[in-house]
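**Student:** Before anything else, here's the structure in question.
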Amino acid sequence: MRVPLSWLREYVDLPADVTGRQVAEQLIRAGLEVETVEESDLTGPLVVGKVLTYENEPQKNGKTIRWCSLDIGKDEPQWVVCGAHNFEVGDLVVVVLPGAVLPGGFAISARKTYGHVSNGMICSSAELGLGDDGTHGIVVLEPGEATPGDDAIELLALRDDVLDIAVTPDRGYCLSIRGVAREAATAYGVSLRDPADLTLTGSGENGYPVRVDDAKACSVFVTRTVTGIDATALSPRWMQKRLLAAGMRPISIGVDVANYVMLELGQPIHTYDKARLSGEIVVRRANAGEKLMTLDDQTRELDAEDLLITDDSGPIGVAGVMGGASTEISDATTDVVIEAAHFDPIVIARASRRHKLSSEASRRFEREVDPNLPRYAAQRVADLLAEYAGGTILPDETVVDTHPKPAPVTIRADHAARVAGAVITLDETVRHLASVGCTIEAAAADAVAAPLAAGAHAPVLAEVGVTTVGSTHVEGDDLLTVTPPSWRPDLRDPNDFAEEVIRLFGFDNVPSVLPAAPGGQGLTVSQRRRRRVATALVGAGLTEVVSYPFTGAADFDAMGLPADDVRRTTIKLVNPISDEEPSMQTTLLATLLRTAERNVGRGANDLAIFQTGLVFLPKAETKAAPLPSVAHRPSDAEVQSLYDALPDQPLHVGVVLTGALAPTGWWGKGRPAGWADAVQIARLIASVVGVEPIVKNVELAPWHPGRCAEFSVGGPDGMVVGHAGELHPKVCQAFGLPARSSAVELDLDALIAAGPESIAAQPFSSYPVAKEDVALIVPAEVAAADVQAALTEGAGELLESVRLFDVYTGEQIGEGKKSLAFALRFRAPDRTLKENEVADARQAAVQVTVDRFGAVQRVG
Amino acid sequence: MSGPNTDYDPVEVTPLHAEEVERTRDEALTAFTEAADLAALQEAKTVHLGDKSPIVLANREIGALPPQARKEAGQRIGAARKAINEGFASRLAVLEAEHEERMLATERVDVTLPWHTPQLGARHPLSLISEQVADVFTALGWDVAEGPEVEAEWLNFDALNFQPDHPARQMQDTFFVEPAGSGKVLRTHTSPVQARSMLSRKPPIYVICPGRVFRTDELDATHTPVFYQVEGLVVDEGITLAHLKGTLDHFVVSMFGEGLEARLRPNFFPFTEPSAEVDLKCFVCRGASVGNPDRPCRTCGSEGWIEWGGCGVVNPRVLQANGIDTDRYSGFAFGMGLERTLMFRNGVEDMRDMVEGDVRFSRQFGMEI
Ligand SMILES: [Zn+2]
């Protein structure tokens, strides 16, 4: 809502020297979101001039300019060149003189043009910052409106500050000058001249016939009729100026007056050409298949839920949203039917959404308009049309009004003080409530009290005192019955009234008290371990990045996922940012590889990045989430069904490595990051959270079929928690990554869940260690991890550790075989081991590998 | 030399003469001192302390003396030997020290050279700031609560008093999950975590909820459809707006420094009533830039205050929808955008830097913000 300060001043006696910026500060304090204050950069001299003479001088370029002399209240006439022709000798015009600056920073000086020295210029509406007034020429003042030499800045109120206010949904009444003026009046402690305080001249009957079929959706419908207007009359300049300042373009007297009254009072108005109406106006819901061409010349299919204004011809408007073209007023209109109505906010909001049509009217109706306004607003429109378009107001008036009276609310007298935790005296409370327009009475004895704020943190309120309401004495815990004003339908609950009192009391005056929490347990195990994983990865040289979780078929194709891959089954969005990425990620790599691609594209070839984030895994059966009542807590079953309807969303960690882990340097050759680094990072993550995973070779996209490690937890038949290894060459290519890039993706939630709650300390032996090496020849396809597991199993309790230290393939071993060398360490907790004990344990370990894999000990 | 001894055997043994012993000693000490390196010292040692050295030979002569004279001669030789040994040891120490010094000097390296083990990586600053916020509040005894990003519409809106056709719900620019009418959305704020906290916990509830949220904004320098928020919720007996102010003041000091404070400006949020916007006193100019064109402040635009987030007293309708007894309990809540916080706290100028995943953005922070 754009509010010119001069318009505000019409209803509020603001201090004369107060600036727009200062008013904005006060309004912000009162809770209005003033986004900007436009301050005019116009400086004079800008004066009224009277045209004394002019000569038409045709130019070579085809234009005709006028060489004019003007009386600007000085002894000598002022000579200027003017390109416009819409004035005559004797007209009063606005002249800007050298030295002045026009809006937009245009400095004016005497300049040579068309063979003359022009000492200033005659101004158009646009040049004065008033916008296009439709004249295609300069501003011509009314005869007698001013005398030559008068300051035009003051005369036209040109240097006006404009406040732009973002009106929050609860403050619909501030979508009007009237509403903002009320706030300004309260802020400055001065009285308001209510622009709706008008004399009603209507009779309340015999108006244009109206029938309302849906009283809930349309609780008030008022019409007035003005006859014999000149629809081609220009709106008065002050009205045009205000419309422009408020951000609306002047169009014609009929439209301008309706818009002006809407801005002034907040009541949307619709005007009909009476000659184009046929029969009774009926307000009803739409029938199937009905259509309407709206004022924007679009034919709209109507929905059965749409509330319509209709006449015998069918729909003539979508109520509260936009009128129809067929009954629109035009230059030929003489008789006007004015509609001022009250519509249900939800009905309007839905219609506006359905038709993707947000109008000045719908924005106001959605936030609810003062239901008492329609008769006054219709009167105001009629008055203005009569005055400026020469019409005659008929006393006939249609008044349909079934709107319920505002319901009184009972609150504790000290409720606001208790919500604030501040001493707000009862006197103040009552005063502030009254200033927002509430009616306050002492409540009847059997009224129900509002909830108390009491208990552990109860504010120690000093006496809030006593006050009298009417003739009744009211103390702290007595009750008040408060009735909100008609323009504040948002005031329904005790806290709504508390907010009004507290904002006027001043948030700055509320004390600052840190509440003592009962003492928590710090981070959860999972939260702690997640942090440690991140820290360990950073220690290993990885950099954390973030990516959007949106993905699509292109990413899955680039990853080489088969058509039936489960990861292609996704949660999709109705309204994604991009139609190419309608899905929520089922794998972190879908988005992390794109991030890697972007970094590589920006010249980072040696990349080691990680990301943690949720993946979104649809359940086998998808159900809609219910929308239980908000009147009370949903049942446990309802809560459960809310949770059950959602996809599984485990937290994953993803890693991508490209290029070199260590570059070539003065120390020698560099080392490319490879599959083993990826697997090692996955092992690192597992060990940070205290998990010993089982690792085995698998084939899975997007990894290289021979270089992908599957990680599982919970034993041989445990759960797969992720994969690590080298990416498939095609995947590297598709994402523009260097060859042999590698990646990891682990389900961090599952991994952490598999970790120990806490770790019990084990005693360790101080007896000497016995070391044994063993080299085993096994078939090439046997996994080292399995051989190691077999050794561990066979060696028994005396084995302290086993470590693979060499892998050898070659002629000596034979085709299809490999030699694995392990270092075994044996130790007993209670004694020094004897040679034969060690030898037996070693033999037992080897025996298992012989039995299981046909291993042969390599000697020498 | 002792006095005349009547028992003394007059046999002369030259090497045991006092003068001779002194000379032998002095020669040895001179030879050690003159030894220029360890090899020369070893040679001198052989000459002056070896099996054939004068002092060792002299020692053997003691047996030739009459018993009465042996003691005195033994003492004389012993003292000389000790002096020679000490002379050797001290020279050895000096030469070894010199040798080591020379050795070490030759091993000097250029310690400014790089090495091939990986450099420390970096956290994303959004993670770091979110952890810092969590730490501020866990230190107060609060818990860190979390929730899913695909959320039930009821928890994202209805439970928080965003009614179905209310403009506030439309203003949230929501991503809806297919099919239309699924009752599921990408959470538009972390507030559903507050609803979940109320549904699953019994008061007193003190939780801080950092997390990622979604709105259908286009990405530009100041907007992103995916961003991070942190929200706090307290539900307890007798909680007031004053407690909210106290908590925010503490939060401001913890994040931005001593002597700063929060300011509340009335506003509207369906979740809270009364509601307010939170400003924090500019931590750079501390208000000194206001009305002072000579000292403009970029951080606050010379306003003295920086818009930070929203807050308010939890609307009793919200408590009611989530099963909290409004006769007994009241609450407050607040929320801030973490990107915005980083922007003004750390001078990040473009939102896109935070969301594009360029490693250079994270790397300039390392492990600290
Ligand atoms: Zn500042």
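Ordering of the structure tokens sets the chain letters (A, B, ...), residue numbers begin anew at 1 in every chain, and ligands are numbered from 1 in the order given.
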Write out as a list in words each polymer residue (protein, DNA or RNA) that has an atom no more than 9 Å from ligand 1, with only C-alpha atoms and all ligand atoms counted.
**Tutor:**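 Checking only C-alpha atoms and all ligand atoms against ligand 1 at 9 Å gives Lys281, Cys282, Phe283, Val284, Cys285, Arg286, Gly287, Ala288, Ser289, Val290, Pro296, Cys297, Arg298, Thr299, Cys300, Gly301, Ser302, Glu303, Gly304, Trp305 and Ile306 of chain B.
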**Student:** Restricting it to N, CA and C atoms, dump the selection as a PDB file, in the first residue's frame.
**Tutor:**
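out-v3.pdb, freshly written:
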ATOM      1  N   LYS B 281      21.248  -5.130  17.150  1.00  0.00           N
ATOM      2  CA  LYS B 281      22.045  -3.901  17.112  1.00  0.00           C
ATOM      3  C   LYS B 281      23.278  -4.176  16.269  1.00  0.00           C
ATOM      4  N   CYS B 282      23.585  -3.256  15.359  1.00  0.00           N
ATOM      5  CA  CYS B 282      24.696  -3.482  14.426  1.00  0.00           C
ATOM      6  C   CYS B 282      25.987  -3.722  15.205  1.00  0.00           C
ATOM      7  N   PHE B 283      26.609  -4.887  14.937  1.00  0.00           N
ATOM      8  CA  PHE B 283      27.803  -5.270  15.687  1.00  0.00           C
ATOM      9  C   PHE B 283      29.053  -4.591  15.146  1.00  0.00           C
ATOM     10  N   VAL B 284      28.898  -3.892  14.027  1.00  0.00           N
ATOM     11  CA  VAL B 284      30.057  -3.198  13.463  1.00  0.00           C
ATOM     12  C   VAL B 284      30.123  -1.769  13.993  1.00  0.00           C
ATOM     13  N   CYS B 285      29.030  -1.014  13.762  1.00  0.00           N
ATOM     14  CA  CYS B 285      29.085   0.402  14.159  1.00  0.00           C
ATOM     15  C   CYS B 285      28.382   0.644  15.495  1.00  0.00           C
ATOM     16  N   ARG B 286      27.675  -0.308  15.964  1.00  0.00           N
ATOM     17  CA  ARG B 286      26.924  -0.204  17.215  1.00  0.00           C
ATOM     18  C   ARG B 286      26.059   1.059  17.247  1.00  0.00           C
ATOM     19  N   GLY B 287      25.561   1.418  16.070  1.00  0.00           N
ATOM     20  CA  GLY B 287      24.629   2.542  16.019  1.00  0.00           C
ATOM     21  C   GLY B 287      25.301   3.871  15.744  1.00  0.00           C
ATOM     22  N   ALA B 288      26.649   3.880  15.739  1.00  0.00           N
ATOM     23  CA  ALA B 288      27.346   5.156  15.587  1.00  0.00           C
ATOM     24  C   ALA B 288      27.175   5.752  14.190  1.00  0.00           C
ATOM     25  N   SER B 289      26.730   4.921  13.222  1.00  0.00           N
ATOM     26  CA  SER B 289      26.608   5.437  11.856  1.00  0.00           C
ATOM     27  C   SER B 289      25.295   6.176  11.633  1.00  0.00           C
ATOM     28  N   VAL B 290      24.357   6.043  12.576  1.00  0.00           N
ATOM     29  CA  VAL B 290      23.032   6.618  12.350  1.00  0.00           C
ATOM     30  C   VAL B 290      23.119   8.141  12.348  1.00  0.00           C
ATOM     31  N   PRO B 296      29.702   6.128   7.509  1.00  0.00           N
ATOM     32  CA  PRO B 296      28.671   5.210   7.007  1.00  0.00           C
ATOM     33  C   PRO B 296      29.025   3.768   7.361  1.00  0.00           C
ATOM     34  N   CYS B 297      27.992   2.937   7.550  1.00  0.00           N
ATOM     35  CA  CYS B 297      28.217   1.533   7.897  1.00  0.00           C
ATOM     36  C   CYS B 297      27.572   0.668   6.831  1.00  0.00           C
ATOM     37  N   ARG B 298      28.376  -0.149   6.200  1.00  0.00           N
ATOM     38  CA  ARG B 298      27.853  -1.018   5.140  1.00  0.00           C
ATOM     39  C   ARG B 298      27.018  -2.147   5.694  1.00  0.00           C
ATOM     40  N   THR B 299      27.398  -2.608   6.872  1.00  0.00           N
ATOM     41  CA  THR B 299      26.741  -3.787   7.430  1.00  0.00           C
ATOM     42  C   THR B 299      25.265  -3.525   7.716  1.00  0.00           C
ATOM     43  N   CYS B 300      24.958  -2.353   8.279  1.00  0.00           N
ATOM     44  CA  CYS B 300      23.564  -2.064   8.630  1.00  0.00           C
ATOM     45  C   CYS B 300      22.976  -1.010   7.718  1.00  0.00           C
ATOM     46  N   GLY B 301      23.703  -0.572   6.692  1.00  0.00           N
ATOM     47  CA  GLY B 301      23.209   0.498   5.844  1.00  0.00           C
ATOM     48  C   GLY B 301      22.981   1.772   6.637  1.00  0.00           C
ATOM     49  N   SER B 302      23.806   1.963   7.669  1.00  0.00           N
ATOM     50  CA  SER B 302      23.710   3.132   8.569  1.00  0.00           C
ATOM     51  C   SER B 302      22.341   3.240   9.239  1.00  0.00           C
ATOM     52  N   GLU B 303      21.715   2.113   9.452  1.00  0.00           N
ATOM     53  CA  GLU B 303      20.432   2.106  10.162  1.00  0.00           C
ATOM     54  C   GLU B 303      20.651   1.844  11.649  1.00  0.00           C
ATOM     55  N   GLY B 304      21.815   1.304  11.996  1.00  0.00           N
ATOM     56  CA  GLY B 304      22.085   1.007  13.409  1.00  0.00           C
ATOM     57  C   GLY B 304      21.564  -0.340  13.852  1.00  0.00           C
ATOM     58  N   TRP B 305      20.601  -0.863  13.103  1.00  0.00           N
ATOM     59  CA  TRP B 305      20.011  -2.161  13.424  1.00  0.00           C
ATOM     60  C   TRP B 305      19.988  -3.023  12.168  1.00  0.00           C
ATOM     61  N   ILE B 306      20.057  -4.316  12.369  1.00  0.00           N
ATOM     62  CA  ILE B 306      20.050  -5.250  11.240  1.00  0.00           C
ATOM     63  C   ILE B 306      18.846  -6.173  11.406  1.00  0.00           C
TER      64      ILE B 306
END
**Student:** Can you pull out the residues contacting range 187-193 of chain B? Cut-off 6 Å, using only C-alpha atoms, and skip same-chain residues under 6 positions away; I want them as a VMD selection string.
**Tutor:** chain B and resid 147 149 151 155 to 156 213 to 215
**Student:** Considering only C-alpha atoms, return as a PyMOL selection string whatever protein or nucleic-acid residues lie within 6 Å of Met121 in chain A, sequence-local ones (same chain, fewer than 3 positions apart) excluded.
**Tutor:** chain A and resi 80+95-96
**Student:** Which one of B:Phe162, B:Phe365, B:Phe88, B:Phe268 sits closest to chain A if you count only C-alpha atoms?
**Tutor:** B:Phe268
**Student:** Would you kindly return, as a CSV table (one decimal) with N, CA and C atoms, in the first residue's frame, each protein, DNA or RNA residue with an atom no farther than 12 Å from any atom of range 243-245 of chain A, considering only C-alpha atoms and excluding same-chain residues fewer than 6 positions away?
**Tutor:**
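Output saved as out-v7.csv:
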chain,number,residue,atom,x,y,z
A,1,MET,N,0.8,-1.2,0.0
A,1,MET,CA,0.0,0.0,0.0
A,1,MET,C,0.9,1.2,0.0
A,2,ARG,N,0.7,2.1,-1.0
A,2,ARG,CA,1.5,3.3,-1.1
A,2,ARG,C,0.7,4.5,-0.5
A,3,VAL,N,1.3,5.1,0.4
A,3,VAL,CA,0.5,6.2,1.2
A,3,VAL,C,1.2,7.5,1.0
A,4,PRO,N,0.7,8.4,0.2
A,4,PRO,CA,1.3,9.8,0.2
A,4,PRO,C,1.0,10.5,1.5
A,5,LEU,N,2.1,11.1,2.0
A,5,LEU,CA,2.0,11.8,3.3
A,5,LEU,C,0.9,12.9,3.3
A,6,SER,N,0.8,13.6,2.2
A,6,SER,CA,-0.2,14.6,2.1
A,6,SER,C,-1.7,14.1,2.3
A,7,TRP,N,-1.9,12.9,1.8
A,7,TRP,CA,-3.2,12.3,1.9
A,7,TRP,C,-3.5,11.9,3.3
A,38,GLU,N,9.6,7.1,-0.1
A,38,GLU,CA,10.1,7.9,-1.3
A,38,GLU,C,10.1,9.3,-1.0
A,39,GLU,N,11.2,9.9,-1.1
A,39,GLU,CA,11.3,11.4,-0.8
A,39,GLU,C,11.5,12.1,-2.1
A,40,SER,N,10.7,13.1,-2.4
A,40,SER,CA,10.9,13.8,-3.7
A,40,SER,C,12.2,14.5,-3.7
A,125,SER,N,2.5,16.9,-16.8
A,125,SER,CA,2.2,16.1,-15.5
A,125,SER,C,3.4,15.1,-15.2
A,126,ALA,N,3.8,14.5,-16.3
A,126,ALA,CA,4.9,13.5,-16.1
A,126,ALA,C,6.2,14.1,-15.6
A,128,LEU,N,6.5,16.6,-13.8
A,128,LEU,CA,6.4,17.0,-12.4
A,128,LEU,C,6.4,15.8,-11.5
A,129,GLY,N,6.5,14.6,-12.1
A,129,GLY,CA,6.5,13.4,-11.2
A,129,GLY,C,5.1,13.0,-10.9
A,130,LEU,N,4.1,13.5,-11.7
A,130,LEU,CA,2.7,13.1,-11.4
A,130,LEU,C,2.2,12.0,-12.3
A,131,GLY,N,3.1,11.6,-13.2
A,131,GLY,CA,2.6,10.5,-14.1
A,131,GLY,C,1.9,11.1,-15.3
A,132,ASP,N,1.5,10.2,-16.2
A,132,ASP,CA,0.8,10.7,-17.4
A,132,ASP,C,-0.6,11.0,-17.1
A,133,ASP,N,-1.1,12.2,-17.4
A,133,ASP,CA,-2.5,12.6,-17.1
A,133,ASP,C,-3.4,12.4,-18.2
A,157,ALA,N,1.2,20.5,-4.2
A,157,ALA,CA,1.8,19.5,-3.2
A,157,ALA,C,2.7,18.5,-3.9
A,158,LEU,N,3.7,19.1,-4.6
A,158,LEU,CA,4.5,18.3,-5.4
A,158,LEU,C,5.6,17.5,-4.6
A,159,ARG,N,6.0,18.2,-3.5
A,159,ARG,CA,7.1,17.6,-2.8
A,159,ARG,C,6.5,16.7,-1.7
A,160,ASP,N,5.9,15.6,-2.1
A,160,ASP,CA,5.2,14.7,-1.2
A,160,ASP,C,6.0,13.5,-1.0
A,161,ASP,N,6.1,13.1,0.3
A,161,ASP,CA,6.8,11.8,0.6
A,161,ASP,C,5.7,10.7,0.5
A,162,VAL,N,6.2,9.5,0.0
A,162,VAL,CA,5.2,8.4,-0.2
A,162,VAL,C,5.8,7.2,0.6
A,163,LEU,N,5.0,6.7,1.5
A,163,LEU,CA,5.4,5.5,2.3
A,163,LEU,C,4.8,4.3,1.6
A,164,ASP,N,5.7,3.3,1.4
A,164,ASP,CA,5.3,2.1,0.8
A,164,ASP,C,5.2,1.0,1.9
A,177,ILE,N,-6.0,4.3,3.1
A,177,ILE,CA,-5.5,5.5,3.8
A,177,ILE,C,-6.2,5.6,5.1
A,235,SER,N,-11.0,13.4,-14.5
A,235,SER,CA,-10.9,13.4,-13.0
A,235,SER,C,-10.2,14.6,-12.6
A,236,PRO,N,-10.5,15.2,-11.5
A,236,PRO,CA,-9.8,16.4,-11.0
A,236,PRO,C,-8.3,16.0,-10.8
A,237,ARG,N,-7.5,17.0,-11.0
A,237,ARG,CA,-6.1,16.8,-10.9
A,237,ARG,C,-5.6,16.2,-9.6
A,251,ILE,N,-7.8,6.6,-15.4
A,251,ILE,CA,-8.3,6.0,-16.6
A,251,ILE,C,-9.5,6.9,-17.1
A,252,SER,N,-10.5,6.9,-16.3
A,252,SER,CA,-11.7,7.8,-16.7
A,252,SER,C,-12.4,8.1,-15.3
A,253,ILE,N,-13.2,9.1,-15.4
A,253,ILE,CA,-13.8,9.5,-14.1
A,253,ILE,C,-14.5,8.4,-13.4
A,255,VAL,N,-13.9,5.1,-13.5
A,255,VAL,CA,-13.0,4.1,-12.9
A,255,VAL,C,-12.2,4.8,-11.8
A,256,ASP,N,-11.8,6.0,-12.0
A,256,ASP,CA,-10.9,6.7,-11.1
A,256,ASP,C,-11.6,6.9,-9.7
A,257,VAL,N,-12.9,7.3,-9.8
A,257,VAL,CA,-13.6,7.5,-8.5
A,257,VAL,C,-13.7,6.2,-7.7
A,258,ALA,N,-14.0,5.1,-8.4
A,258,ALA,CA,-14.1,3.8,-7.7
A,258,ALA,C,-12.7,3.4,-7.1
A,259,ASN,N,-11.7,3.6,-7.8
A,259,ASN,CA,-10.3,3.3,-7.3
A,259,ASN,C,-10.0,4.2,-6.1
A,260,TYR,N,-10.3,5.5,-6.3
A,260,TYR,CA,-10.0,6.5,-5.3
A,260,TYR,C,-10.7,6.1,-4.0
A,261,VAL,N,-11.9,5.8,-4.0
A,261,VAL,CA,-12.7,5.4,-2.8
A,261,VAL,C,-12.1,4.1,-2.2
A,262,MET,N,-11.7,3.2,-3.1
A,262,MET,CA,-11.1,2.0,-2.5
A,262,MET,C,-9.8,2.3,-1.8
A,263,LEU,N,-9.0,3.2,-2.3
A,263,LEU,CA,-7.8,3.5,-1.7
A,263,LEU,C,-8.0,4.3,-0.4
A,264,GLU,N,-9.0,5.2,-0.5
A,264,GLU,CA,-9.3,6.0,0.7
A,264,GLU,C,-9.9,5.2,1.8
**Student:** Range 65-113 of chain A: which residues are strand (DSSP E or B) by DSSP, as an MDAnalysis selection string?
**Tutor:** chainID A and resid 65:71 78:82 92:96 101:102 106:107 111:113
**Student:** Let me see the file: selected residues, N, CA and C atoms, as a PDB file, in the first residue's frame.
**Tutor:**
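result-v6.pdb was written with the following content:
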ATOM      1  N   ILE A  65       6.951  24.206 -32.767  1.00  0.00           N
ATOM      2  CA  ILE A  65       7.125  24.585 -31.359  1.00  0.00           C
ATOM      3  C   ILE A  65       6.444  25.915 -31.130  1.00  0.00           C
ATOM      4  N   ARG A  66       6.230  26.222 -29.863  1.00  0.00           N
ATOM      5  CA  ARG A  66       5.652  27.527 -29.533  1.00  0.00           C
ATOM      6  C   ARG A  66       6.677  28.344 -28.772  1.00  0.00           C
ATOM      7  N   TRP A  67       6.859  29.596 -29.223  1.00  0.00           N
ATOM      8  CA  TRP A  67       7.751  30.544 -28.528  1.00  0.00           C
ATOM      9  C   TRP A  67       6.839  31.423 -27.688  1.00  0.00           C
ATOM     10  N   CYS A  68       6.909  31.253 -26.365  1.00  0.00           N
ATOM     11  CA  CYS A  68       5.895  31.822 -25.478  1.00  0.00           C
ATOM     12  C   CYS A  68       6.479  32.869 -24.549  1.00  0.00           C
ATOM     13  N   SER A  69       5.666  33.868 -24.230  1.00  0.00           N
ATOM     14  CA  SER A  69       6.015  34.756 -23.119  1.00  0.00           C
ATOM     15  C   SER A  69       5.015  34.523 -22.012  1.00  0.00           C
ATOM     16  N   LEU A  70       5.553  34.533 -20.798  1.00  0.00           N
ATOM     17  CA  LEU A  70       4.730  34.175 -19.645  1.00  0.00           C
ATOM     18  C   LEU A  70       4.850  35.223 -18.560  1.00  0.00           C
ATOM     19  N   ASP A  71       3.756  35.470 -17.902  1.00  0.00           N
ATOM     20  CA  ASP A  71       3.793  36.318 -16.704  1.00  0.00           C
ATOM     21  C   ASP A  71       4.032  35.403 -15.505  1.00  0.00           C
ATOM     22  N   GLN A  78       8.728  36.077 -18.904  1.00  0.00           N
ATOM     23  CA  GLN A  78       9.691  34.982 -19.052  1.00  0.00           C
ATOM     24  C   GLN A  78       9.453  34.364 -20.417  1.00  0.00           C
ATOM     25  N   TRP A  79      10.533  34.172 -21.210  1.00  0.00           N
ATOM     26  CA  TRP A  79      10.400  33.617 -22.541  1.00  0.00           C
ATOM     27  C   TRP A  79      10.852  32.161 -22.559  1.00  0.00           C
ATOM     28  N   VAL A  80      10.009  31.277 -23.028  1.00  0.00           N
ATOM     29  CA  VAL A  80      10.367  29.850 -23.074  1.00  0.00           C
ATOM     30  C   VAL A  80       9.881  29.222 -24.371  1.00  0.00           C
ATOM     31  N   VAL A  81      10.541  28.122 -24.749  1.00  0.00           N
ATOM     32  CA  VAL A  81      10.116  27.303 -25.886  1.00  0.00           C
ATOM     33  C   VAL A  81       9.266  26.161 -25.348  1.00  0.00           C
ATOM     34  N   CYS A  82       8.156  25.877 -26.027  1.00  0.00           N
ATOM     35  CA  CYS A  82       7.304  24.784 -25.557  1.00  0.00           C
ATOM     36  C   CYS A  82       6.878  23.919 -26.743  1.00  0.00           C
ATOM     37  N   LEU A  92      -3.338  29.368 -17.154  1.00  0.00           N
ATOM     38  CA  LEU A  92      -2.344  29.256 -16.086  1.00  0.00           C
ATOM     39  C   LEU A  92      -1.592  27.941 -16.262  1.00  0.00           C
ATOM     40  N   VAL A  93      -0.257  28.030 -16.280  1.00  0.00           N
ATOM     41  CA  VAL A  93       0.554  26.831 -16.467  1.00  0.00           C
ATOM     42  C   VAL A  93       1.636  26.788 -15.376  1.00  0.00           C
ATOM     43  N   VAL A  94       2.346  25.664 -15.362  1.00  0.00           N
ATOM     44  CA  VAL A  94       3.410  25.507 -14.369  1.00  0.00           C
ATOM     45  C   VAL A  94       4.742  25.667 -15.075  1.00  0.00           C
ATOM     46  N   VAL A  95       5.564  26.583 -14.589  1.00  0.00           N
ATOM     47  CA  VAL A  95       6.825  26.895 -15.251  1.00  0.00           C
ATOM     48  C   VAL A  95       7.996  26.568 -14.331  1.00  0.00           C
ATOM     49  N   VAL A  96       8.909  25.796 -14.872  1.00  0.00           N
ATOM     50  CA  VAL A  96      10.115  25.508 -14.093  1.00  0.00           C
ATOM     51  C   VAL A  96      11.206  26.452 -14.596  1.00  0.00           C
ATOM     52  N   VAL A 101      15.509  21.608 -10.047  1.00  0.00           N
ATOM     53  CA  VAL A 101      15.748  20.195 -10.357  1.00  0.00           C
ATOM     54  C   VAL A 101      14.407  19.475 -10.346  1.00  0.00           C
ATOM     55  N   LEU A 102      14.063  18.856 -11.482  1.00  0.00           N
ATOM     56  CA  LEU A 102      12.787  18.136 -11.566  1.00  0.00           C
ATOM     57  C   LEU A 102      12.972  16.695 -11.085  1.00  0.00           C
ATOM     58  N   PHE A 106      16.581  15.879 -12.949  1.00  0.00           N
ATOM     59  CA  PHE A 106      16.798  16.680 -14.152  1.00  0.00           C
ATOM     60  C   PHE A 106      16.999  18.149 -13.793  1.00  0.00           C
ATOM     61  N   ALA A 107      18.247  18.603 -13.943  1.00  0.00           N
ATOM     62  CA  ALA A 107      18.564  19.990 -13.609  1.00  0.00           C
ATOM     63  C   ALA A 107      18.176  20.878 -14.785  1.00  0.00           C
ATOM     64  N   ARG A 111      18.694  27.373 -21.914  1.00  0.00           N
ATOM     65  CA  ARG A 111      19.474  26.725 -22.975  1.00  0.00           C
ATOM     66  C   ARG A 111      18.962  27.165 -24.342  1.00  0.00           C
ATOM     67  N   LYS A 112      19.870  27.053 -25.282  1.00  0.00           N
ATOM     68  CA  LYS A 112      19.557  27.467 -26.631  1.00  0.00           C
ATOM     69  C   LYS A 112      18.875  26.324 -27.365  1.00  0.00           C
ATOM     70  N   THR A 113      17.709  26.566 -27.937  1.00  0.00           N
ATOM     71  CA  THR A 113      17.001  25.499 -28.646  1.00  0.00           C
ATOM     72  C   THR A 113      16.073  26.108 -29.687  1.00  0.00           C
TER      73      THR A 113
END
